[in-house]
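entry.cif, holding mmCIF, C-alpha atoms and all ligand atoms:
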data_input
#
loop_
_atom_site.label_atom_id
_atom_site.label_comp_id
_atom_site.auth_asym_id
_atom_site.auth_seq_id
_atom_site.Cartn_x
_atom_site.Cartn_y
_atom_site.Cartn_z
CA MET Z 1 25.51 13.59 -21.53
CA ASN Z 2 21.84 14.04 -22.22
CA SER Z 3 21.67 17.65 -23.31
CA MET Z 4 18.16 19.01 -23.65
CA ALA Z 5 18.96 22.36 -22.04
CA GLY Z 6 16.67 25.12 -23.21
CA ASN Z 7 13.77 22.76 -23.95
CA ARG Z 8 10.77 22.73 -21.64
CA VAL Z 9 10.85 19.85 -19.18
CA LYS Z 10 7.91 17.59 -19.96
CA LEU Z 11 5.61 16.33 -17.22
CA TYR Z 12 4.57 12.69 -17.10
CA ALA Z 13 1.78 11.03 -15.15
CA ALA Z 14 3.22 7.78 -13.77
CA PRO Z 15 1.67 4.38 -14.34
CA MET Z 16 0.06 3.15 -11.13
CA GLU Z 17 -1.55 -0.25 -11.20
CA GLY Z 18 -5.05 -0.20 -9.71
CA VAL Z 19 -5.14 3.61 -9.72
CA THR Z 20 -4.36 5.29 -13.04
CA GLY Z 21 -6.72 3.47 -15.38
CA TYR Z 22 -8.38 5.32 -18.25
CA ILE Z 23 -11.16 6.78 -16.11
CA TYR Z 24 -8.68 8.35 -13.72
CA ARG Z 25 -6.46 9.57 -16.56
CA ASN Z 26 -9.38 11.11 -18.46
CA ILE Z 27 -10.79 12.93 -15.48
CA ILE Z 28 -7.53 14.28 -14.09
CA ASP Z 29 -6.76 15.54 -17.59
CA ASP Z 30 -10.23 17.11 -17.98
CA CYS Z 31 -10.23 18.72 -14.52
CA PHE Z 32 -6.62 19.85 -14.16
CA GLY Z 33 -4.55 19.03 -17.24
CA GLY Z 34 -0.87 19.89 -17.28
CA ALA Z 35 0.60 16.44 -17.94
CA ASP Z 36 2.22 15.97 -21.34
CA ARG Z 37 2.02 12.21 -21.25
CA TYR Z 38 0.16 9.47 -19.37
CA PHE Z 39 1.36 5.89 -18.91
CA THR Z 40 -1.01 2.97 -18.50
CA PRO Z 41 -0.51 0.57 -15.60
CA PHE Z 42 1.54 -2.42 -16.73
CA ILE Z 43 0.22 -5.10 -19.04
CA SER Z 44 1.86 -8.36 -18.01
CA THR Z 45 2.80 -10.76 -20.81
CA ASN Z 46 2.66 -14.53 -20.93
CA THR Z 47 2.67 -17.18 -23.62
CA ASN Z 48 -0.58 -17.08 -25.64
CA LYS Z 49 -1.39 -13.73 -24.10
CA THR Z 50 -4.70 -12.17 -24.99
CA PHE Z 51 -5.62 -8.82 -23.51
CA THR Z 52 -8.07 -8.97 -20.62
CA GLU Z 53 -11.31 -7.03 -20.96
CA GLN Z 54 -9.94 -4.45 -18.51
CA GLU Z 55 -6.71 -4.09 -20.50
CA ARG Z 56 -8.67 -3.68 -23.74
CA ARG Z 57 -10.78 -0.91 -22.26
CA ASP Z 58 -7.69 0.78 -20.86
CA ILE Z 59 -5.76 0.91 -24.14
CA ASP Z 60 -8.67 1.48 -26.53
CA SER Z 61 -8.10 4.93 -28.03
CA GLY Z 62 -11.87 5.51 -27.99
CA ASN Z 63 -11.75 5.46 -24.18
CA ASN Z 64 -8.71 7.71 -23.82
CA ARG Z 65 -9.17 11.47 -23.99
CA PRO Z 66 -5.57 12.64 -23.30
CA ARG Z 67 -3.60 13.01 -26.53
CA ASP Z 68 -0.53 11.13 -25.43
CA VAL Z 69 -1.02 7.78 -23.71
CA ILE Z 70 1.78 5.20 -23.62
CA PRO Z 71 1.03 1.57 -22.82
CA GLN Z 72 3.42 -0.10 -20.42
CA ILE Z 73 4.53 -3.73 -20.68
CA LEU Z 74 5.86 -5.96 -17.91
CA SER Z 75 7.78 -8.88 -19.40
CA ASN Z 76 10.98 -10.90 -19.28
CA ASN Z 77 10.28 -12.97 -22.37
CA SER Z 78 11.10 -11.33 -25.67
CA CYS Z 79 8.72 -13.47 -27.81
CA ASP Z 80 5.78 -12.71 -25.53
CA CYS Z 81 6.76 -9.06 -25.31
CA ILE Z 82 7.12 -8.67 -29.07
CA LYS Z 83 3.65 -10.17 -29.60
CA VAL Z 84 2.14 -7.64 -27.24
CA ILE Z 85 4.06 -4.76 -28.87
CA ARG Z 86 2.75 -5.91 -32.29
CA ALA Z 87 -0.82 -6.14 -31.01
CA LEU Z 88 -0.56 -2.68 -29.44
CA HIS Z 89 0.74 -1.33 -32.73
CA ASP Z 90 -1.36 -3.25 -35.26
CA GLU Z 91 -4.67 -3.46 -33.39
CA TYR Z 92 -4.58 -0.33 -31.23
CA GLY Z 93 -2.39 2.06 -33.22
CA TYR Z 94 0.36 2.68 -30.64
CA ASP Z 95 3.76 3.65 -32.01
CA GLU Z 96 5.50 3.82 -28.64
CA VAL Z 97 5.53 1.50 -25.64
CA ASN Z 98 7.26 1.55 -22.27
CA LEU Z 99 8.99 -1.41 -20.61
CA ASN Z 100 8.63 -1.86 -16.85
CA LEU Z 101 11.99 -2.65 -15.25
CA GLY Z 102 11.10 -1.02 -11.99
CA CYS Z 103 8.23 -2.80 -10.26
CA PRO Z 104 9.58 -3.80 -6.80
CA SER Z 105 6.61 -5.90 -5.69
CA PRO Z 106 7.71 -9.33 -4.40
CA THR Z 107 5.07 -11.16 -6.49
CA VAL Z 108 6.54 -9.60 -9.66
CA VAL Z 109 10.19 -9.80 -8.59
CA THR Z 110 10.04 -13.52 -7.76
CA LYS Z 111 9.02 -14.09 -11.40
CA HIS Z 112 12.18 -12.17 -12.42
CA LYS Z 113 10.08 -9.38 -13.88
CA GLY Z 114 10.05 -5.64 -13.20
CA ALA Z 115 12.99 -4.66 -10.98
CA GLY Z 116 13.57 -8.41 -10.48
CA PHE Z 117 14.81 -8.65 -14.09
CA LEU Z 118 17.71 -6.30 -13.21
CA ALA Z 119 19.35 -9.18 -11.31
CA PHE Z 120 19.93 -10.98 -14.64
CA PRO Z 121 21.91 -8.56 -16.82
CA ASP Z 122 22.79 -11.10 -19.52
CA LYS Z 123 19.17 -12.16 -19.94
CA LEU Z 124 18.09 -8.53 -19.87
CA ASP Z 125 20.60 -7.73 -22.62
CA SER Z 126 19.37 -10.52 -24.85
CA PHE Z 127 15.70 -9.61 -24.15
CA LEU Z 128 16.33 -5.99 -25.11
CA ASN Z 129 18.24 -7.03 -28.20
CA ASP Z 130 15.28 -9.09 -29.49
CA VAL Z 131 12.72 -6.46 -28.52
CA PHE Z 132 14.57 -3.54 -30.15
CA VAL Z 133 15.18 -5.47 -33.38
CA ALA Z 134 11.49 -6.38 -33.67
CA ALA Z 135 10.15 -3.00 -32.53
CA GLY Z 136 12.54 -1.23 -34.90
CA LYS Z 137 11.19 -3.25 -37.84
CA ASP Z 138 7.63 -2.36 -36.85
CA GLY Z 139 8.53 1.31 -36.36
CA VAL Z 140 7.60 1.25 -32.66
CA ARG Z 141 9.63 3.37 -30.22
CA VAL Z 142 10.49 1.77 -26.89
CA SER Z 143 11.26 3.57 -23.64
CA VAL Z 144 12.36 1.99 -20.36
CA LYS Z 145 11.25 2.78 -16.81
CA THR Z 146 13.83 1.45 -14.38
CA ARG Z 147 15.01 1.23 -10.82
CA THR Z 148 18.76 1.50 -10.27
CA GLY Z 149 19.40 -2.04 -9.07
CA VAL Z 150 18.08 -4.83 -6.90
CA GLU Z 151 20.31 -4.63 -3.82
CA SER Z 152 22.71 -1.79 -4.55
CA HIS Z 153 23.01 1.24 -6.82
CA ASP Z 154 26.44 -0.10 -7.87
CA GLU Z 155 24.56 -2.54 -10.11
CA PHE Z 156 23.37 0.35 -12.22
CA ILE Z 157 26.76 0.89 -13.90
CA LYS Z 158 26.38 -2.41 -15.76
CA ILE Z 159 22.63 -1.96 -16.29
CA LEU Z 160 23.13 1.45 -17.92
CA ASP Z 161 25.87 0.01 -20.15
CA ILE Z 162 23.24 -2.44 -21.39
CA TYR Z 163 20.56 0.22 -21.93
CA ASN Z 164 23.09 2.34 -23.81
CA GLN Z 165 23.49 -0.35 -26.46
CA TYR Z 166 19.89 0.12 -27.60
CA PRO Z 167 17.97 3.03 -29.13
CA LEU Z 168 15.71 3.72 -26.13
CA SER Z 169 13.35 6.58 -26.90
CA GLU Z 170 13.72 7.60 -23.25
CA LEU Z 171 15.10 6.30 -19.97
CA ILE Z 172 12.86 6.96 -16.98
CA VAL Z 173 14.88 6.50 -13.79
CA HIS Z 174 13.45 6.01 -10.30
CA PRO Z 175 16.69 6.06 -8.29
CA ARG Z 176 15.74 3.53 -5.64
CA VAL Z 177 16.77 -0.12 -5.65
CA GLN Z 178 14.20 -2.93 -5.57
CA LYS Z 179 15.01 -3.70 -1.93
CA ASP Z 180 14.04 -0.13 -0.97
CA LEU Z 181 10.47 -0.72 -2.12
CA TYR Z 182 9.18 2.80 -1.33
CA LYS Z 183 11.37 3.35 1.75
CA ASN Z 184 14.53 5.43 1.99
CA SER Z 185 15.08 8.39 -0.29
CA PRO Z 186 15.77 8.53 -4.00
CA ASP Z 187 19.55 8.56 -4.54
CA TYR Z 188 20.46 11.69 -6.47
CA ASP Z 189 24.07 10.59 -7.01
CA ILE Z 190 23.10 7.48 -8.95
CA PHE Z 191 20.50 9.55 -10.78
CA GLU Z 192 23.26 11.98 -11.70
CA TYR Z 193 25.22 9.05 -13.09
CA ALA Z 194 22.24 8.08 -15.25
CA TYR Z 195 21.65 11.67 -16.32
CA THR Z 196 25.28 12.16 -17.29
CA ASN Z 197 25.87 8.84 -19.00
CA SER Z 198 22.59 7.83 -20.61
CA LYS Z 199 22.57 7.99 -24.38
CA ALA Z 200 18.78 8.26 -24.29
CA PRO Z 201 16.94 11.34 -23.03
CA VAL Z 202 16.36 11.00 -19.30
CA CYS Z 203 13.23 11.41 -17.20
CA TYR Z 204 13.45 11.73 -13.40
CA ASN Z 205 10.94 9.86 -11.22
CA GLY Z 206 10.63 9.62 -7.44
CA ASP Z 207 9.08 11.63 -4.58
CA ILE Z 208 8.03 14.69 -6.57
CA CYS Z 209 5.20 15.92 -4.36
CA SER Z 210 5.31 19.70 -4.75
CA VAL Z 211 6.43 22.53 -7.00
CA ASP Z 212 9.48 22.90 -4.73
CA ASP Z 213 10.44 19.24 -5.27
CA TYR Z 214 10.08 19.74 -9.01
CA GLN Z 215 12.20 22.89 -8.96
CA ARG Z 216 14.90 21.27 -6.85
CA ILE Z 217 15.28 18.45 -9.37
CA THR Z 218 15.09 20.55 -12.51
CA SER Z 219 17.58 23.10 -11.23
CA ARG Z 220 20.10 20.42 -10.26
CA PHE Z 221 19.55 18.52 -13.55
CA ASN Z 222 18.80 21.32 -15.94
CA GLY Z 223 18.89 19.25 -19.12
CA LEU Z 224 16.18 16.79 -18.11
CA ASN Z 225 13.78 15.67 -20.78
CA ALA Z 226 10.94 15.03 -18.37
CA VAL Z 227 9.84 14.61 -14.77
CA MET Z 228 7.38 11.85 -13.85
CA CYS Z 229 5.09 12.06 -10.88
CA GLY Z 230 3.03 9.26 -9.28
CA ARG Z 231 2.00 9.44 -5.63
CA GLY Z 232 2.37 13.22 -5.64
CA MET Z 233 -0.21 13.35 -8.44
CA ILE Z 234 -2.67 11.08 -6.63
CA THR Z 235 -2.32 13.24 -3.51
CA ASN Z 236 -2.58 16.49 -5.43
CA PRO Z 237 -4.13 16.04 -8.88
CA ALA Z 238 -3.44 19.72 -9.63
CA ILE Z 239 0.33 19.24 -9.29
CA PHE Z 240 1.11 19.38 -13.02
CA ALA Z 241 -1.10 22.41 -13.59
CA THR Z 242 0.50 24.17 -10.60
CA ILE Z 243 4.01 23.38 -11.83
CA ASN Z 244 2.96 24.97 -15.12
CA GLY Z 245 2.00 28.16 -13.26
CA GLY Z 246 -1.70 27.42 -12.76
CA ASP Z 247 -3.77 27.55 -9.59
CA LYS Z 248 -2.94 25.53 -6.51
CA LEU Z 249 -5.31 22.73 -5.57
CA SER Z 250 -8.52 24.12 -4.06
CA SER Z 251 -11.12 22.30 -2.04
CA ARG Z 252 -13.72 23.01 -4.70
CA ALA Z 253 -11.54 21.66 -7.53
CA LEU Z 254 -10.71 18.49 -5.58
CA ARG Z 255 -14.42 18.03 -4.85
CA THR Z 256 -15.38 18.37 -8.51
CA PHE Z 257 -12.63 15.95 -9.51
CA HIS Z 258 -13.60 13.48 -6.79
CA ASN Z 259 -17.27 13.54 -7.75
CA ALA Z 260 -16.51 12.96 -11.42
CA VAL Z 261 -14.21 10.00 -10.69
CA PHE Z 262 -16.65 8.42 -8.22
CA LYS Z 263 -19.61 8.84 -10.58
CA GLU Z 264 -17.79 7.17 -13.45
CA TYR Z 265 -16.40 4.36 -11.28
CA CYS Z 266 -19.93 3.62 -10.04
CA ALA Z 267 -21.26 3.59 -13.61
CA VAL Z 268 -18.53 1.32 -14.95
CA MET Z 269 -17.74 -1.06 -12.07
CA GLY Z 270 -20.64 -0.82 -9.63
CA GLU Z 271 -20.79 0.78 -6.19
CA ARG Z 272 -18.85 -1.84 -4.25
CA ASN Z 273 -15.79 -1.74 -6.48
CA ALA Z 274 -16.09 2.02 -6.86
CA LEU Z 275 -15.95 2.45 -3.07
CA PHE Z 276 -12.88 0.24 -2.91
CA LYS Z 277 -11.13 2.30 -5.59
CA MET Z 278 -12.09 5.61 -3.99
CA LYS Z 279 -10.64 4.48 -0.66
CA GLU Z 280 -7.33 3.79 -2.44
CA LEU Z 281 -7.37 7.39 -3.69
CA TRP Z 282 -8.19 8.74 -0.24
CA TYR Z 283 -5.10 7.03 1.17
CA TYR Z 284 -3.22 9.76 -0.71
CA MET Z 285 -5.75 12.61 -1.07
CA ILE Z 286 -6.44 12.84 2.66
CA ARG Z 287 -2.93 14.31 3.08
CA ASN Z 288 -4.24 17.59 1.66
CA PHE Z 289 -6.46 18.17 4.70
CA ASP Z 290 -5.60 19.26 8.22
CA GLY Z 291 -7.19 17.52 11.19
CA ALA Z 292 -9.03 15.01 9.03
CA ASP Z 293 -8.43 11.79 11.00
CA ARG Z 294 -12.00 11.15 12.09
CA TYR Z 295 -13.43 11.94 8.65
CA TYR Z 296 -10.87 9.66 7.02
CA LYS Z 297 -11.93 6.89 9.40
CA SER Z 298 -15.58 7.33 8.36
CA ILE Z 299 -14.61 7.26 4.68
CA ARG Z 300 -12.69 4.02 5.16
CA LYS Z 301 -15.51 2.47 7.18
CA ALA Z 302 -18.27 3.28 4.68
CA GLN Z 303 -19.71 0.20 2.99
CA ARG Z 304 -22.63 1.86 1.21
CA ARG Z 305 -22.65 4.71 -1.24
CA CYS Z 306 -24.82 6.90 1.00
CA ASP Z 307 -22.49 6.48 4.00
CA TYR Z 308 -19.48 7.16 1.84
CA GLU Z 309 -20.99 10.32 0.36
CA ALA Z 310 -21.99 11.54 3.81
CA ALA Z 311 -18.43 11.02 5.10
CA VAL Z 312 -16.94 12.86 2.13
CA ASN Z 313 -19.44 15.73 2.60
CA GLU Z 314 -18.42 16.00 6.25
CA LEU Z 315 -14.75 16.09 5.33
CA PHE Z 316 -15.15 18.87 2.79
CA ALA Z 317 -17.48 20.81 5.10
CA ASN Z 318 -15.13 20.68 8.09
CA CYS Z 319 -11.55 20.53 6.86
CA ALA Z 320 -9.66 23.03 4.77
CA ILE Z 321 -7.00 22.23 2.22
C1 LIG Z 401 -0.03 1.78 -6.08
C2 LIG Z 401 1.12 1.88 -7.04
C3 LIG Z 401 1.03 1.26 -8.28
C4 LIG Z 401 2.11 1.33 -9.19
N1 LIG Z 401 2.00 0.73 -10.42
C5 LIG Z 401 3.03 0.85 -11.32
C6 LIG Z 401 2.93 0.31 -12.64
O1 LIG Z 401 1.92 -0.28 -13.05
N2 LIG Z 401 4.01 0.45 -13.46
C7 LIG Z 401 5.15 1.12 -13.06
O2 LIG Z 401 6.09 1.25 -13.83
N3 LIG Z 401 5.24 1.65 -11.83
C8 LIG Z 401 4.22 1.54 -10.97
N4 LIG Z 401 4.32 2.14 -9.75
C9 LIG Z 401 5.50 2.98 -9.47
C10 LIG Z 401 5.23 4.44 -9.87
O3 LIG Z 401 4.97 4.56 -11.26
C11 LIG Z 401 6.44 5.33 -9.53
O4 LIG Z 401 7.57 4.86 -10.22
C12 LIG Z 401 6.76 5.31 -8.04
O5 LIG Z 401 5.58 5.47 -7.27
C13 LIG Z 401 7.75 6.44 -7.69
O6 LIG Z 401 7.26 7.69 -8.11
P1 LIG Z 401 6.47 8.69 -7.11
O7 LIG Z 401 7.36 8.90 -5.92
O8 LIG Z 401 6.23 9.92 -7.93
O9 LIG Z 401 5.21 7.99 -6.70
C14 LIG Z 401 3.28 2.05 -8.84
C15 LIG Z 401 3.35 2.67 -7.58
C16 LIG Z 401 2.30 2.59 -6.68
C17 LIG Z 401 2.43 3.28 -5.34
#
Would you write the structure of this file as structure tokens?
Ligand SMILES: Cc1cc2nc3c(=O)[nH]c(=O)nc-3n(C[C@H](O)[C@H](O)[C@H](O)COP(=O)(O)O)c2cc1C
Amino acid sequence: MNSMAGNRVKLYAAPMEGVTGYIYRNIIDDCFGGADRYFTPFISTNTNKTFTEQERRDIDSGNNRPRDVIPQILSNNSCDCIKVIRALHDEYGYDEVNLNLGCPSPTVVTKHKGAGFLAFPDKLDSFLNDVFVAAGKDGVRVSVKTRTGVESHDEFIKILDIYNQYPLSELIVHPRVQKDLYKNSPDYDIFEYAYTNSKAPVCYNGDICSVDDYQRITSRFNGLNAVMCGRGMITNPAIFATINGGDKLSSRALRTFHNAVFKEYCAVMGERNALFKMKELWYYMIRNFDGADRYYKSIRKAQRRCDYEAAVNELFANCAI
């Protein structure tokens, strides 16, 4: 049993590919704060891997203002994975990494990576064995972020037996199976199994979208090490601060946050890409507003910066949070 009772439950900002790059992480931390730890979107390994320019920028400590940023690796090949862990440690100074065993996307799963790797327990075991031996020698801690199976939660009994053989710094559990993608509900019974039987400290992840959701989970599992939040954070970037007793999200705070993110995206990636990225954020953030359908349509339609800014102005002028 993972017994952390009495300790404060830590709050983690989930890795979200295409969304939570360093610009987003820096600005949410500046504007709202409240997260103890941020995870980078996954870095996929391959033979002869060199970091892409985007990956370099994302992991470079000079670009990252939050104190605690953990790079995430997506791999099913221990040699490739160990090389990336070494590079993250030796070249970028990281002493902890996270392994992605949860990505449900078909393009990842068909390569037997992410949640797709869970279908091959023997290979997973041997991969983890190699990785933990090498990381241990280098003094790098390794945590795992996992789904609870591919087809059925029953698979998790064996998967957890495997995880328990290694000194995971933490086990982050999103209690959906790969086949769920983001449908259905997180399964609290299989999470309870993980919580009760994991040798590593456990973090809960899945559908935490409000303070009530957070309280429901932490009162049922009162020895949790951490709670991780993804889509709930993109929808409401003040969620961590509010959980910590701070102000609820206000229209003004969301506006300030939005403007800062958009400005920096434009500066770094140009207006076209910035608009694309902002529309991804609005897919979630629009849920804060009542009666916003027509403004959301204008935001999605906007192809030029001036049209986009006009649509956003209209939204904030006409819809309350
Ligand atoms: C757009 C998107 C991108 C994601 N990218 C990653 C990723 O790079 N690594 C990862 O481990 N999980 C990724 N996830 C999964 C989230 O980290 C998280 O586990 C999942 O959304 C469930 O948590 P939530 O209900 O709080 O969002 C992604 C999810 C979404 C929706």
Q.
Which residues are near ligand LIG 401 (chain Z) in this structure, taking near to mean any atom at most 9 Å from a ligand atom and counting all atoms listed in the file? Format them as a PyMOL selection string.
A. chain Z and resi 13-20+39-43+72-74+98-104+114+145-147+172-176+182+186+205-209+228-234+280
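Among the candidates Z:Ser152, Z:Thr45, Z:Ser198, Z:Asn76, the one nearest to Ser169 (chain Z) when counting only C-alpha atoms is Z:Ser198.
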Q) Given the choices Z:Asp90, Z:Glu151, Z:Asp212, Z:Glu170, which gets closest to Ala194 (chain Z) if the distance is worked out from all atoms listed in the file? A) Z:Glu170
Mind giving me the axis-aligned box for region 249-259 of chain Z with 8 Å on every side, centre plus edges in Å to one decimal, as AutoDock Vina command-line options?
--center_x -11.3 --center_y 18.8 --center_z -5.8 --size_x 28.0 --size_y 26.6 --size_z 23.5
Q) For Phe316 (chain Z), which residue out of Z:Phe32, Z:Tyr94, Z:Phe257, Z:Phe289 is the nearest one, using all atoms listed in the file? A) Z:Phe289
Q: Please indicate the distance in Å from CA of Leu160 (chain Z) to CA of Tyr188 (chain Z), rounded to one decimal place.
A: 15.6 Å
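The shortest atom-to-atom distance to Phe221 (chain Z), with all atoms listed in the file taken into account, belongs to Z:Cys203 out of Z:Ala115, Z:Cys306, Z:Ala238, Z:Cys203.
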Q | One-decimal distance in Å that lies between CA of Asp122 (chain Z) and CA of Thr47 (chain Z) | A |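 Separating CA of Thr47 (chain Z) from CA of Asp122 (chain Z) is a distance of 21.4 Å.
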Q | For CA of Cys79 (chain Z) and CA of Ala134 (chain Z), the interatomic separation in Å (one decimal) | A | 9.6 Å
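Minimum atom-to-atom distances from Z:Phe120, Z:Tyr295, Z:Tyr265, Z:Tyr195 to Cys319 (chain Z) were compared using all atoms listed in the file, and the lowest value belongs to Z:Tyr295.
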